[in-house]
Structure formats: structure tokens, C-alpha cells
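Shown next: model_38.cif, containing mmCIF, C-alpha atoms.
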```
data_run
loop_
_atom_site.group_PDB
_atom_site.id
_atom_site.type_symbol
_atom_site.label_atom_id
_atom_site.label_comp_id
_atom_site.auth_asym_id
_atom_site.auth_seq_id
_atom_site.Cartn_x
_atom_site.Cartn_y
_atom_site.Cartn_z
ATOM 1 C CA MET A 1042 84.243 18.469 58.423
ATOM 2 C CA GLU A 1043 80.680 19.652 58.260
ATOM 3 C CA ASN A 1044 78.191 16.787 58.381
ATOM 4 C CA HIS A 1045 74.906 18.656 58.199
ATOM 5 C CA THR A 1046 75.403 21.184 55.458
ATOM 6 C CA LYS A 1047 72.304 23.286 54.850
ATOM 7 C CA GLU A 1048 71.964 22.656 51.126
ATOM 8 C CA PHE A 1049 73.300 20.947 48.000
ATOM 9 C CA ILE A 1050 73.509 22.072 44.373
ATOM 10 C CA LEU A 1051 72.168 19.743 41.667
ATOM 11 C CA VAL A 1052 74.420 20.182 38.631
ATOM 12 C CA GLY A 1053 73.200 17.321 36.429
ATOM 13 C CA PHE A 1054 72.947 18.339 32.743
ATOM 14 C CA LYS A 1055 74.233 21.815 33.673
ATOM 15 C CA SER A 1056 76.881 21.521 30.961
ATOM 16 C CA HIS A 1057 74.112 21.822 28.339
ATOM 17 C CA PRO A 1058 72.710 25.314 29.033
ATOM 18 C CA GLY A 1059 70.939 25.602 25.685
ATOM 19 C CA SER A 1060 68.837 22.507 26.349
ATOM 20 C CA GLN A 1061 67.500 23.464 29.792
ATOM 21 C CA LEU A 1062 64.132 24.725 28.545
ATOM 22 C CA LEU A 1063 63.743 21.717 26.276
ATOM 23 C CA LEU A 1064 64.529 19.368 29.177
ATOM 24 C CA SER A 1065 61.926 21.166 31.310
ATOM 25 C CA VAL A 1066 59.250 20.800 28.614
ATOM 26 C CA VAL A 1067 60.115 17.127 28.016
ATOM 27 C CA PHE A 1068 60.110 16.248 31.732
ATOM 28 C CA SER A 1069 56.864 18.165 32.348
ATOM 29 C CA THR A 1070 55.124 16.504 29.393
ATOM 30 C CA MET A 1071 56.265 13.047 30.405
ATOM 31 C CA TYR A 1072 55.110 13.632 33.975
ATOM 32 C CA VAL A 1073 51.629 14.668 32.817
ATOM 33 C CA VAL A 1074 51.438 11.590 30.575
ATOM 34 C CA THR A 1075 52.641 9.400 33.479
ATOM 35 C CA VAL A 1076 49.991 10.661 35.893
ATOM 36 C CA ALA A 1077 47.211 10.579 33.281
ATOM 37 C CA GLY A 1078 48.096 7.105 31.983
ATOM 38 C CA ASN A 1079 48.414 5.503 35.404
ATOM 39 C CA ALA A 1080 45.302 7.284 36.724
ATOM 40 C CA PHE A 1081 43.428 5.937 33.684
ATOM 41 C CA MET A 1082 44.632 2.413 34.532
ATOM 42 C CA ILE A 1083 43.464 2.769 38.146
ATOM 43 C CA LEU A 1084 40.081 4.117 37.061
ATOM 44 C CA ILE A 1085 39.450 1.351 34.520
ATOM 45 C CA VAL A 1086 40.286 -1.393 37.033
ATOM 46 C CA ARG A 1087 38.080 0.105 39.732
ATOM 47 C CA MET A 1088 35.088 0.720 37.442
ATOM 48 C CA ASP A 1089 34.894 -2.758 35.895
ATOM 49 C CA SER A 1090 34.059 -5.625 38.271
ATOM 50 C CA LYS A 1091 35.419 -8.130 35.717
ATOM 51 C CA LEU A 1092 38.884 -6.696 36.348
ATOM 52 C CA HIS A 1093 38.703 -7.284 40.100
ATOM 53 C CA THR A 1094 41.208 -10.142 39.906
ATOM 54 C CA PRO A 1095 44.678 -10.604 41.452
ATOM 55 C CA MET A 1096 46.418 -9.637 38.195
ATOM 56 C CA TYR A 1097 44.622 -6.294 37.977
ATOM 57 C CA PHE A 1098 44.887 -5.728 41.705
ATOM 58 C CA PHE A 1099 48.675 -5.767 41.259
ATOM 59 C CA LEU A 1100 48.464 -3.608 38.116
ATOM 60 C CA GLU A 1101 46.375 -1.044 39.982
ATOM 61 C CA ASN A 1102 48.903 -0.918 42.799
ATOM 62 C CA LEU A 1103 51.759 -0.686 40.280
ATOM 63 C CA SER A 1104 50.044 2.347 38.726
ATOM 64 C CA ILE A 1105 49.693 4.011 42.139
ATOM 65 C CA LEU A 1106 53.343 3.254 42.813
ATOM 66 C CA ASP A 1107 54.475 4.674 39.461
ATOM 67 C CA ILE A 1108 52.631 7.956 40.096
ATOM 68 C CA CYS A 1109 54.365 8.272 43.481
ATOM 69 C CA TYR A 1110 57.721 7.163 42.047
ATOM 70 C CA SER A 1111 57.652 9.725 39.256
ATOM 71 C CA SER A 1112 56.310 12.480 41.533
ATOM 72 C CA VAL A 1113 59.372 12.244 43.784
ATOM 73 C CA ILE A 1114 61.746 13.087 40.911
ATOM 74 C CA THR A 1115 60.158 14.581 37.798
ATOM 75 C CA PRO A 1116 58.406 17.790 38.995
ATOM 76 C CA LYS A 1117 61.483 18.945 40.927
ATOM 77 C CA ALA A 1118 63.731 18.206 37.938
ATOM 78 C CA ALA A 1119 61.416 20.095 35.540
ATOM 79 C CA LEU A 1120 61.423 23.132 37.844
ATOM 80 C CA THR A 1121 65.193 22.955 38.172
ATOM 81 C CA PHE A 1122 65.645 23.007 34.395
ATOM 82 C CA SER A 1123 63.078 25.781 33.783
ATOM 83 C CA LEU A 1124 63.911 28.164 36.650
ATOM 84 C CA GLY A 1125 67.605 27.374 36.957
ATOM 85 C CA ARG A 1126 67.222 26.984 40.731
ATOM 86 C CA ARG A 1127 69.444 23.997 41.408
ATOM 87 C CA ILE A 1128 69.651 24.311 45.184
ATOM 88 C CA ILE A 1129 68.070 21.580 47.316
ATOM 89 C CA SER A 1130 68.129 21.567 51.105
ATOM 90 C CA TYR A 1131 69.867 18.882 53.139
ATOM 91 C CA ASN A 1132 66.534 17.584 54.469
ATOM 92 C CA GLY A 1133 64.941 17.877 51.040
ATOM 93 C CA CYS A 1134 67.732 15.820 49.515
ATOM 94 C CA ALA A 1135 67.453 13.167 52.227
ATOM 95 C CA SER A 1136 63.670 13.001 51.803
ATOM 96 C CA GLN A 1137 63.945 12.675 48.033
ATOM 97 C CA MET A 1138 66.486 9.863 48.382
ATOM 98 C CA PHE A 1139 64.360 8.087 50.986
ATOM 99 C CA PHE A 1140 61.158 8.059 48.919
ATOM 100 C CA PHE A 1141 62.939 7.380 45.636
ATOM 101 C CA SER A 1142 64.631 4.326 47.193
ATOM 102 C CA LEU A 1143 61.336 3.256 48.798
ATOM 103 C CA PHE A 1144 59.296 3.339 45.584
ATOM 104 C CA GLY A 1145 62.102 1.999 43.380
ATOM 105 C CA THR A 1146 62.713 -1.009 45.631
ATOM 106 C CA THR A 1147 58.986 -1.643 46.011
ATOM 107 C CA GLU A 1148 58.599 -1.686 42.211
ATOM 108 C CA ALA A 1149 61.258 -4.409 41.941
ATOM 109 C CA PHE A 1150 59.325 -6.547 44.433
ATOM 110 C CA PHE A 1151 56.032 -5.763 42.661
ATOM 111 C CA LEU A 1152 57.434 -7.072 39.371
ATOM 112 C CA ALA A 1153 58.532 -10.283 41.113
ATOM 113 C CA VAL A 1154 55.094 -10.667 42.709
ATOM 114 C CA MET A 1155 53.402 -10.150 39.342
ATOM 115 C CA ALA A 1156 55.648 -12.814 37.781
ATOM 116 C CA TYR A 1157 54.600 -15.257 40.510
ATOM 117 C CA ASP A 1158 50.953 -14.347 39.845
ATOM 118 C CA ARG A 1159 51.369 -15.195 36.131
ATOM 119 C CA PHE A 1160 53.188 -18.428 37.046
ATOM 120 C CA THR A 1161 50.281 -19.488 39.255
ATOM 121 C CA ALA A 1162 47.656 -18.528 36.664
ATOM 122 C CA ILE A 1163 49.310 -20.448 33.814
ATOM 123 C CA CYS A 1164 50.944 -23.386 35.620
ATOM 124 C CA ASN A 1165 48.221 -23.974 38.244
ATOM 125 C CA PRO A 1166 45.029 -22.578 36.696
ATOM 126 C CA LEU A 1167 42.644 -24.795 38.703
ATOM 127 C CA LEU A 1168 44.171 -23.652 42.008
ATOM 128 C CA TYR A 1169 44.749 -20.043 40.966
ATOM 129 C CA GLN A 1170 41.817 -18.477 42.828
ATOM 130 C CA ILE A 1171 42.597 -20.508 45.962
ATOM 131 C CA ILE A 1172 46.331 -19.728 45.987
ATOM 132 C CA MET A 1173 46.067 -16.060 44.967
ATOM 133 C CA ASN A 1174 43.386 -15.174 47.482
ATOM 134 C CA LYS A 1175 42.769 -11.607 48.612
ATOM 135 C CA ARG A 1176 44.668 -12.091 51.873
ATOM 136 C CA LEU A 1177 47.820 -13.286 50.092
ATOM 137 C CA CYS A 1178 47.614 -10.471 47.516
ATOM 138 C CA VAL A 1179 47.383 -7.810 50.227
ATOM 139 C CA PHE A 1180 50.213 -9.495 52.132
ATOM 140 C CA MET A 1181 52.422 -9.415 49.023
ATOM 141 C CA VAL A 1182 51.754 -5.713 48.423
ATOM 142 C CA VAL A 1183 52.396 -4.797 52.075
ATOM 143 C CA GLY A 1184 55.501 -6.998 52.132
ATOM 144 C CA SER A 1185 56.840 -5.240 49.031
ATOM 145 C CA TYR A 1186 56.463 -1.837 50.697
ATOM 146 C CA LEU A 1187 58.060 -3.084 53.928
ATOM 147 C CA SER A 1188 61.025 -4.405 51.938
ATOM 148 C CA GLY A 1189 61.291 -1.019 50.269
ATOM 149 C CA CYS A 1190 61.238 0.674 53.682
ATOM 150 C CA ILE A 1191 64.117 -1.473 54.920
ATOM 151 C CA ASN A 1192 66.271 -0.695 51.881
ATOM 152 C CA CYS A 1193 65.560 3.051 51.786
ATOM 153 C CA THR A 1194 66.281 3.342 55.524
ATOM 154 C CA ILE A 1195 69.646 1.598 55.065
ATOM 155 C CA GLN A 1196 70.620 3.576 51.946
ATOM 156 C CA THR A 1197 69.555 6.992 53.262
ATOM 157 C CA GLY A 1198 70.991 6.374 56.742
ATOM 158 C CA PHE A 1199 74.390 5.242 55.471
ATOM 159 C CA THR A 1200 74.627 7.986 52.826
ATOM 160 C CA PHE A 1201 73.770 10.868 55.141
ATOM 161 C CA SER A 1202 76.110 9.646 57.835
ATOM 162 C CA LEU A 1203 78.921 10.843 55.531
ATOM 163 C CA SER A 1204 80.593 14.232 55.834
ATOM 164 C CA PHE A 1205 80.041 16.879 53.160
ATOM 165 C CA CYS A 1206 82.433 19.764 52.553
ATOM 166 C CA GLY A 1207 83.771 21.807 49.658
ATOM 167 C CA PRO A 1208 81.374 22.919 46.882
ATOM 168 C CA LYS A 1209 78.635 20.419 47.933
ATOM 169 C CA GLU A 1210 77.696 19.790 44.300
ATOM 170 C CA ILE A 1211 75.705 16.697 43.295
ATOM 171 C CA ASN A 1212 76.439 15.775 39.685
ATOM 172 C CA HIS A 1213 72.903 14.588 38.987
ATOM 173 C CA PHE A 1214 69.414 15.985 38.495
ATOM 174 C CA PHE A 1215 68.147 14.400 41.742
ATOM 175 C CA CYS A 1216 69.551 13.022 45.003
ATOM 176 C CA ASP A 1217 70.464 9.502 43.938
ATOM 177 C CA VAL A 1218 72.606 7.423 46.282
ATOM 178 C CA PRO A 1219 75.753 7.115 44.090
ATOM 179 C CA ALA A 1220 75.643 10.820 43.163
ATOM 180 C CA VAL A 1221 75.363 11.998 46.786
ATOM 181 C CA MET A 1222 78.182 9.650 47.795
ATOM 182 C CA ARG A 1223 80.404 11.244 45.139
ATOM 183 C CA ALA A 1224 79.706 14.667 46.715
ATOM 184 C CA SER A 1225 81.038 13.522 50.092
ATOM 185 C CA CYS A 1226 84.536 14.227 51.332
ATOM 186 C CA SER A 1227 84.503 11.032 53.442
ATOM 187 C CA ASP A 1228 85.800 7.611 52.482
ATOM 188 C CA THR A 1229 82.802 5.956 50.781
ATOM 189 C CA LEU A 1230 84.198 2.426 50.431
ATOM 190 C CA VAL A 1231 81.930 0.987 53.160
ATOM 191 C CA ASN A 1232 78.903 2.752 51.669
ATOM 192 C CA GLU A 1233 79.659 1.420 48.205
ATOM 193 C CA ILE A 1234 80.008 -2.119 49.587
ATOM 194 C CA VAL A 1235 76.698 -1.779 51.462
ATOM 195 C CA MET A 1236 74.943 -0.407 48.360
ATOM 196 C CA LEU A 1237 76.353 -3.178 46.181
ATOM 197 C CA ALA A 1238 75.447 -5.884 48.704
ATOM 198 C CA VAL A 1239 71.923 -4.683 49.566
ATOM 199 C CA CYS A 1240 70.842 -3.467 46.131
ATOM 200 C CA GLY A 1241 72.558 -6.370 44.420
ATOM 201 C CA SER A 1242 70.746 -8.859 46.666
ATOM 202 C CA ILE A 1243 67.381 -7.204 46.011
ATOM 203 C CA ILE A 1244 67.861 -6.984 42.247
ATOM 204 C CA VAL A 1245 69.286 -10.497 41.865
ATOM 205 C CA GLY A 1246 66.709 -11.988 44.274
ATOM 206 C CA THR A 1247 63.669 -10.430 42.610
ATOM 207 C CA ALA A 1248 65.079 -11.107 39.133
ATOM 208 C CA LEU A 1249 65.547 -14.782 40.058
ATOM 209 C CA VAL A 1250 61.888 -15.023 41.070
ATOM 210 C CA VAL A 1251 60.961 -13.551 37.680
ATOM 211 C CA PHE A 1252 63.277 -15.842 35.683
ATOM 212 C CA ILE A 1253 62.296 -19.010 37.554
ATOM 213 C CA SER A 1254 58.592 -18.157 37.219
ATOM 214 C CA TYR A 1255 58.934 -17.564 33.497
ATOM 215 C CA GLY A 1256 61.051 -20.676 33.098
ATOM 216 C CA TYR A 1257 58.139 -22.772 34.366
ATOM 217 C CA ILE A 1258 55.701 -20.688 32.329
ATOM 218 C CA ILE A 1259 57.624 -21.351 29.100
ATOM 219 C CA ILE A 1260 57.738 -25.092 29.819
ATOM 220 C CA THR A 1261 53.973 -25.110 30.487
ATOM 221 C CA ILE A 1262 53.209 -23.103 27.322
ATOM 222 C CA VAL A 1263 55.286 -25.457 25.143
ATOM 223 C CA GLN A 1264 53.318 -28.434 26.516
ATOM 224 C CA MET A 1265 49.903 -26.851 25.820
ATOM 225 C CA PRO A 1266 47.983 -28.853 23.193
ATOM 226 C CA SER A 1267 46.289 -25.986 21.294
ATOM 227 C CA ALA A 1268 47.843 -23.048 19.478
ATOM 228 C CA GLU A 1269 45.086 -20.760 20.800
ATOM 229 C CA SER A 1270 45.953 -21.626 24.414
ATOM 230 C CA ARG A 1271 49.633 -20.948 23.754
ATOM 231 C CA ARG A 1272 48.853 -17.637 22.070
ATOM 232 C CA LYS A 1273 46.634 -16.498 24.941
ATOM 233 C CA ALA A 1274 49.224 -17.490 27.561
ATOM 234 C CA VAL A 1275 52.004 -15.663 25.712
ATOM 235 C CA SER A 1276 49.870 -12.529 25.315
ATOM 236 C CA THR A 1277 49.232 -12.327 29.079
ATOM 237 C CA CYS A 1278 52.972 -12.522 29.837
ATOM 238 C CA SER A 1279 54.601 -10.516 27.043
ATOM 239 C CA SER A 1280 53.712 -7.109 28.512
ATOM 240 C CA HIS A 1281 55.114 -8.014 31.909
ATOM 241 C CA MET A 1282 58.316 -9.391 30.407
ATOM 242 C CA LEU A 1283 58.878 -6.131 28.512
ATOM 243 C CA ALA A 1284 58.368 -4.080 31.677
ATOM 244 C CA VAL A 1285 60.684 -6.394 33.636
ATOM 245 C CA SER A 1286 63.432 -6.174 30.987
ATOM 246 C CA LEU A 1287 63.336 -2.361 30.919
ATOM 247 C CA PHE A 1288 63.337 -1.948 34.687
ATOM 248 C CA PHE A 1289 65.862 -4.571 35.762
ATOM 249 C CA GLY A 1290 68.209 -3.837 32.862
ATOM 250 C CA THR A 1291 68.651 -0.182 33.808
ATOM 251 C CA VAL A 1292 68.604 -0.706 37.580
ATOM 252 C CA PHE A 1293 71.189 -3.495 37.444
ATOM 253 C CA PHE A 1294 73.514 -1.243 35.457
ATOM 254 C CA MET A 1295 73.165 1.517 38.078
ATOM 255 C CA TYR A 1296 73.275 -0.278 41.427
ATOM 256 C CA ALA A 1297 74.284 -3.939 41.190
ATOM 257 C CA GLN A 1298 77.741 -3.859 39.645
ATOM 258 C CA PRO A 1299 81.139 -2.578 40.813
ATOM 259 C CA GLY A 1300 81.995 0.901 39.552
ATOM 260 C CA ALA A 1301 78.356 1.945 39.361
ATOM 261 C CA THR A 1302 79.250 5.341 40.793
ATOM 262 C CA SER A 1303 82.105 6.127 38.404
ATOM 263 C CA SER A 1304 80.375 7.897 35.490
ATOM 264 C CA PRO A 1305 78.111 10.835 36.462
ATOM 265 C CA GLU A 1306 77.058 11.689 32.892
ATOM 266 C CA LYS A 1307 76.142 8.109 32.035
ATOM 267 C CA SER A 1308 74.348 7.682 35.378
ATOM 268 C CA SER A 1309 72.199 10.784 34.797
ATOM 269 C CA THR A 1310 71.204 9.648 31.312
ATOM 270 C CA ILE A 1311 70.339 6.093 32.339
ATOM 271 C CA SER A 1312 68.464 7.365 35.405
ATOM 272 C CA ILE A 1313 65.981 9.100 33.096
ATOM 273 C CA LEU A 1314 64.892 5.665 31.868
ATOM 274 C CA TYR A 1315 63.823 4.215 35.205
ATOM 275 C CA THR A 1316 62.694 7.424 36.937
ATOM 276 C CA VAL A 1317 60.802 9.134 34.100
ATOM 277 C CA VAL A 1318 60.388 6.915 31.036
ATOM 278 C CA ILE A 1319 59.421 3.543 32.567
ATOM 279 C CA PRO A 1320 56.659 4.908 34.877
ATOM 280 C CA MET A 1321 55.242 6.679 31.801
ATOM 281 C CA LEU A 1322 55.410 3.577 29.578
ATOM 282 C CA ASN A 1323 54.022 1.021 32.048
ATOM 283 C CA PRO A 1324 50.303 1.810 31.576
ATOM 284 C CA PHE A 1325 50.761 1.659 27.783
ATOM 285 C CA ILE A 1326 52.750 -1.574 27.958
ATOM 286 C CA TYR A 1327 50.061 -3.253 30.049
ATOM 287 C CA THR A 1328 47.038 -1.974 28.078
ATOM 288 C CA LEU A 1329 47.903 -1.838 24.363
ATOM 289 C CA ARG A 1330 47.905 -5.633 23.967
ATOM 290 C CA ASN A 1331 45.377 -6.338 26.712
ATOM 291 C CA LYS A 1332 41.977 -7.286 25.282
ATOM 292 C CA GLU A 1333 40.301 -7.210 28.707
ATOM 293 C CA VAL A 1334 41.333 -3.608 29.366
ATOM 294 C CA LYS A 1335 40.404 -2.499 25.833
ATOM 295 C CA GLY A 1336 37.062 -4.277 26.166
ATOM 296 C CA SER A 1337 36.437 -2.597 29.509
ATOM 297 C CA LEU A 1338 37.282 0.783 28.004
ATOM 298 C CA LYS A 1339 34.818 0.277 25.144
ATOM 299 C CA LYS A 1340 32.123 -0.743 27.622
ATOM 300 C CA GLN A 1341 32.689 2.362 29.759
ATOM 301 C CA LEU A 1342 32.628 4.603 26.670
ATOM 302 C CA LYS A 1343 29.345 3.037 25.557
ATOM 303 C CA ARG A 1344 27.856 3.740 28.976
ATOM 304 C CA LYS A 1345 28.885 7.389 28.642
ATOM 305 C CA GLY A 1346 27.298 7.592 25.191
ATOM 306 C CA PHE A 1347 30.446 7.856 23.088
ATOM 307 C CA PHE A 1348 29.395 4.857 20.962
#
```
Represent the structure of the file as C-alpha cells.
Amino acid sequence: MENHTKEFILVGFKSHPGSQLLLSVVFSTMYVVTVAGNAFMILIVRMDSKLHTPMYFFLENLSILDICYSSVITPKAALTFSLGRRIISYNGCASQMFFFSLFGTTEAFFLAVMAYDRFTAICNPLLYQIIMNKRLCVFMVVGSYLSGCINCTIQTGFTFSLSFCGPKEINHFFCDVPAVMRASCSDTLVNEIVMLAVCGSIIVGTALVVFISYGYIIITIVQMPSAESRRKAVSTCSSHMLAVSLFFGTVFFMYAQPGATSSPEKSSTISILYTVVIPMLNPFIYTLRNKEVKGSLKKQLKRKGFF
């Protein structure tokens, strides 16, 4: 068996030849919107000193992460659909898997960190600035990336220790772990157990932090004396809860349940949600209902003479 084959062939969505150009246009457009929207979020946070708080520090880092996350997958996929060149080298496939796993895992930890930030702000408002100091915020961001590094090293190392022979076709539009495992001619039982155990632990662990944090938040909101206080608290959390639901719902379906590798077509379709759609939607989710960001935008536009 040949372990280090020179290249793979990405055959995801190949069964729909008439839609290749449309897929290329859609992916390209969504990537441009993703980069522009997240770059806008970063710029707004950096330009307004009033937004230099822990919450916006995490949002800024989430925007940077989403640009990187989408850049690993979307441009290559758009080129594949438009040019029809579906070949990816062995090293290119390994690199794509490594960085995709790194940024995807880091995003899960970021969402948990942001839930803890909201818990501290709402449940312990008097101690918020003391608890969420700059040192702790930086530590949480670095810790999230280190956790991502551990997972992507495990996933990429285990997957590319397999043997690959035969047609070497990956039934996906990028080098995802389950899809590459399906292309192997080795027994993948151990790899599937490792993926289920590691990814399942990460998803369940970070989701528990989110659910416990929001459990306390809901109890605190219910006990607030004024309707205005309750409305303000809910408005600061609703955007994050929507982002959490979208991300963890799709990722759990893909990686944290038995049989996650069994349906290539369904996997490819669902993968579009968390690799392309969610990074594009995040800046809109966090800004459309955010009065502070909209106020900052109006102030910056006034400075530039637009109002």
C-alpha cells in the first residue's frame, strides 16, 4: 500500500456539472462578503475607544479567526468549481486539514469564552472589569488557539498515518477528516473512535460551558427588577446564542455522533454551513442588533463627513 500518494482528487458536488459555475460564483461572493464584513468589524472595534472592552476584544478576535477559517476552504473550492481542477497535493490536503481543524476548534473555544464573558458581565457586573482583565482575556484567546493546535495535530496526524490506494478520490469539496478517512484503504475504526472521542469531548465540553453560563444568565435576568434591564441583558446575549446554535448544531452533526462519516453528500452540504455561511453571517449577527456598534459606525461616518 502506498502511504504518501502525491495527490488526491476532490469530487464533492461533481455529480452536478451544470451547477459548477453557479457554485463558483456563490462561493466567491460569500467569501468577499465574509472578508469585508469581518474586516469592517475589526476596523470599527479598533477605531472606537468605547469598544475597547473584553466583549469587543473577543469579537475582534472572532472576526480575525473567521477570515482565516473561511480563507482555508472557500477560495480553493471556488477555483475548483470554476476551473474544474479538482486535484490537490498530498501536502496541500494535509495543510488544509490542519488549518481547518485549528480554526474550527478555536472557534468552538472562542464561543465558550464569549459565553463566560456574558455570564460575568450580567451575573457579576460589579466585578466584571476586575475578573475580565486584559491578562485573562489574552490568556483565554491564546488558550483557545493552543487547544485548537492540539486537536488539529491529533486529527491530521492520525488521518495521514493511513494508507491511500486505488482512485484516491475524496468525496468532498475540501480535505475534511471524515472524507479523507473514507478515501483510505486502511481500517479506519481507530481513527473514527479517536475523532469521536476528541471532537465529541471538545464540542460537548465547550457547549456545556455555554449552556451553564446561559443557565445562570437566564436566572439572573428573570430576577432583574426592571423590564428595561431585562431587555438590555437579553439584547446583549441574543446574538451570541444565535451564533452558538448555528455553529454547534452543524458541528455536532458532523463530528460528535456515531456514523458521522457515512453520508458524503449530506456531509458536503452541511459543511457549507460552518465553513462558508457561518463565518459570513457572524459579523451581521453581532452588529445588526448591537446599538454600540451602530452608534460607533454613525460616529465614524460623521467624522468622515457622510452626515
Could the residues of segment 1099-1167 of chain A that have an atom at most 7 Å from segment 1183-1202 of chain A be listed as a Markdown table, each with its closest atom pair and the distance in Å to one decimal, counting only C-alpha atoms and ordered by chain and ascending residue number?
```
| residue | atom | partner | partner_atom | distance |
| --- | --- | --- | --- | --- |
| A:Ala1135 | CA | A:Thr1197 | CA | 6.6 |
| A:Met1138 | CA | A:Thr1197 | CA | 6.4 |
| A:Phe1139 | CA | A:Cys1193 | CA | 5.2 |
| A:Ser1142 | CA | A:Cys1193 | CA | 4.9 |
| A:Leu1143 | CA | A:Gly1189 | CA | 4.5 |
| A:Phe1144 | CA | A:Gly1189 | CA | 6.7 |
| A:Thr1146 | CA | A:Gly1189 | CA | 4.9 |
| A:Thr1147 | CA | A:Gly1189 | CA | 4.9 |
| A:Phe1150 | CA | A:Ser1185 | CA | 5.4 |
| A:Phe1151 | CA | A:Ser1185 | CA | 6.4 |
```
Report task. Counting all atoms listed in the file, figure out which residue out of A:Ser1254, A:Ser1204, A:Ser1227, A:Asn1079 gets nearest to Cys1278 of chain A. Result ->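 Among the listed residues, the smallest separation from Cys1278 of chain A belongs to A:Ser1254.
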Query raised in the report: Evaluating the PyMOL selection byres ((chain A and resi 1062-1077) around 10) on the displayed file yields which residues, as a PyMOL selection string?
Result: chain A and resi 1054+1057-1061+1078-1083+1104-1105+1107-1109+1111-1112+1114-1125+1313+1317-1325
Residue neighbourhood segment 1162-1179 of chain A, 12 Å, only C-alpha atoms, exclusion window fewer than 6 positions, as a PDB file with C-alpha atoms, keeping the file's coordinate frame:
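Output file part-v4.pdb follows:
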```
ATOM      1  CA  HIS A1093      38.703  -7.284  40.100  1.00  0.00           C
ATOM      2  CA  THR A1094      41.208 -10.142  39.906  1.00  0.00           C
ATOM      3  CA  PRO A1095      44.678 -10.604  41.452  1.00  0.00           C
ATOM      4  CA  MET A1096      46.418  -9.637  38.195  1.00  0.00           C
ATOM      5  CA  TYR A1097      44.622  -6.294  37.977  1.00  0.00           C
ATOM      6  CA  PHE A1098      44.887  -5.728  41.705  1.00  0.00           C
ATOM      7  CA  PHE A1099      48.675  -5.767  41.259  1.00  0.00           C
ATOM      8  CA  LEU A1100      48.464  -3.608  38.116  1.00  0.00           C
ATOM      9  CA  ASN A1102      48.903  -0.918  42.799  1.00  0.00           C
ATOM     10  CA  PHE A1151      56.032  -5.763  42.661  1.00  0.00           C
ATOM     11  CA  VAL A1154      55.094 -10.667  42.709  1.00  0.00           C
ATOM     12  CA  MET A1155      53.402 -10.150  39.342  1.00  0.00           C
ATOM     13  CA  ALA A1156      55.648 -12.814  37.781  1.00  0.00           C
ATOM     14  CA  SER A1185      56.840  -5.240  49.031  1.00  0.00           C
ATOM     15  CA  TYR A1186      56.463  -1.837  50.697  1.00  0.00           C
ATOM     16  CA  SER A1254      58.592 -18.157  37.219  1.00  0.00           C
ATOM     17  CA  TYR A1255      58.934 -17.564  33.497  1.00  0.00           C
ATOM     18  CA  GLY A1256      61.051 -20.676  33.098  1.00  0.00           C
ATOM     19  CA  TYR A1257      58.139 -22.772  34.366  1.00  0.00           C
ATOM     20  CA  ILE A1258      55.701 -20.688  32.329  1.00  0.00           C
ATOM     21  CA  ILE A1259      57.624 -21.351  29.100  1.00  0.00           C
ATOM     22  CA  ILE A1260      57.738 -25.092  29.819  1.00  0.00           C
ATOM     23  CA  THR A1261      53.973 -25.110  30.487  1.00  0.00           C
ATOM     24  CA  ILE A1262      53.209 -23.103  27.322  1.00  0.00           C
ATOM     25  CA  VAL A1263      55.286 -25.457  25.143  1.00  0.00           C
ATOM     26  CA  GLN A1264      53.318 -28.434  26.516  1.00  0.00           C
ATOM     27  CA  MET A1265      49.903 -26.851  25.820  1.00  0.00           C
ATOM     28  CA  SER A1270      45.953 -21.626  24.414  1.00  0.00           C
ATOM     29  CA  ARG A1271      49.633 -20.948  23.754  1.00  0.00           C
ATOM     30  CA  LYS A1273      46.634 -16.498  24.941  1.00  0.00           C
ATOM     31  CA  ALA A1274      49.224 -17.490  27.561  1.00  0.00           C
ATOM     32  CA  VAL A1275      52.004 -15.663  25.712  1.00  0.00           C
ATOM     33  CA  SER A1276      49.870 -12.529  25.315  1.00  0.00           C
ATOM     34  CA  THR A1277      49.232 -12.327  29.079  1.00  0.00           C
ATOM     35  CA  CYS A1278      52.972 -12.522  29.837  1.00  0.00           C
TER      36      CYS A1278
END
```
Query raised in the report: Looking at A:Phe1205, A:Phe1288, A:Phe1180, A:Phe1293, which one is nearest to Glu1048 of chain A, with distances taken over all atoms listed in the file?
Result: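 When distances to Glu1048 of chain A are compared using all atoms listed in the file, the smallest one comes from A:Phe1205.
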Query - Distance of atom CA of Phe1214 of chain A from atom CA of Gly1246 of chain A, expressed in Å to one decimal place - result: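 Between atom CA of Gly1246 of chain A and atom CA of Phe1214 of chain A the gap is 28.7 Å.
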**Report entry** Expected selection from the PyMOL selection byres ((chain A and resi 1245) around 12), given as an MDAnalysis selection string
**Finding:** chainID A and resid 1149:1150 1153 1237:1244 1246:1253 1289:1290 1292:1293 1296:1298
Report task. Please measure the separation of atom CA of His1281 of chain A and atom CA of Arg1159 of chain A, giving the value in Å to one decimal. Result ->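 So the answer is 9.1 Å.
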Report task. Work out how far atom CA of Gly1145 of chain A is from atom CA of Thr1161 of chain A, in Å to one decimal. Result ->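 These atoms are spaced 24.9 Å apart.
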Requested in this report: Tell me which of A:Tyr1327, A:Ile1050, A:Lys1339, A:Lys1055 sits closest to Gly1207 of chain A, counting only C-alpha atoms.
Outcome: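 Once distances to Gly1207 of chain A are computed over only C-alpha atoms, the minimum belongs to A:Ile1050.
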Query raised in the report: Using all atoms listed in the file, which of the listed residues (A:Phe1215, A:Tyr1157, A:Tyr1110, A:Phe1049) sits closest to Ile1129 of chain A?
Result: A:Phe1049
Please return the centre and edge lengths, in Å to one decimal, of a box with edges along x, y and z that contains all listed atoms of segment 1083-1094 of chain A, widened by 4 Å on every side, as lines of an AutoDock Vina configuration file.
```
center_x = 38.8
center_y = -3.0
center_z = 37.3
size_x = 17.4
size_y = 22.3
size_z = 13.6
```
Report task. Check which residues satisfy the PyMOL selection byres ((chain A and resi 1222) around 12) in the file shown, then give them as a count of residues only. Result -> 39
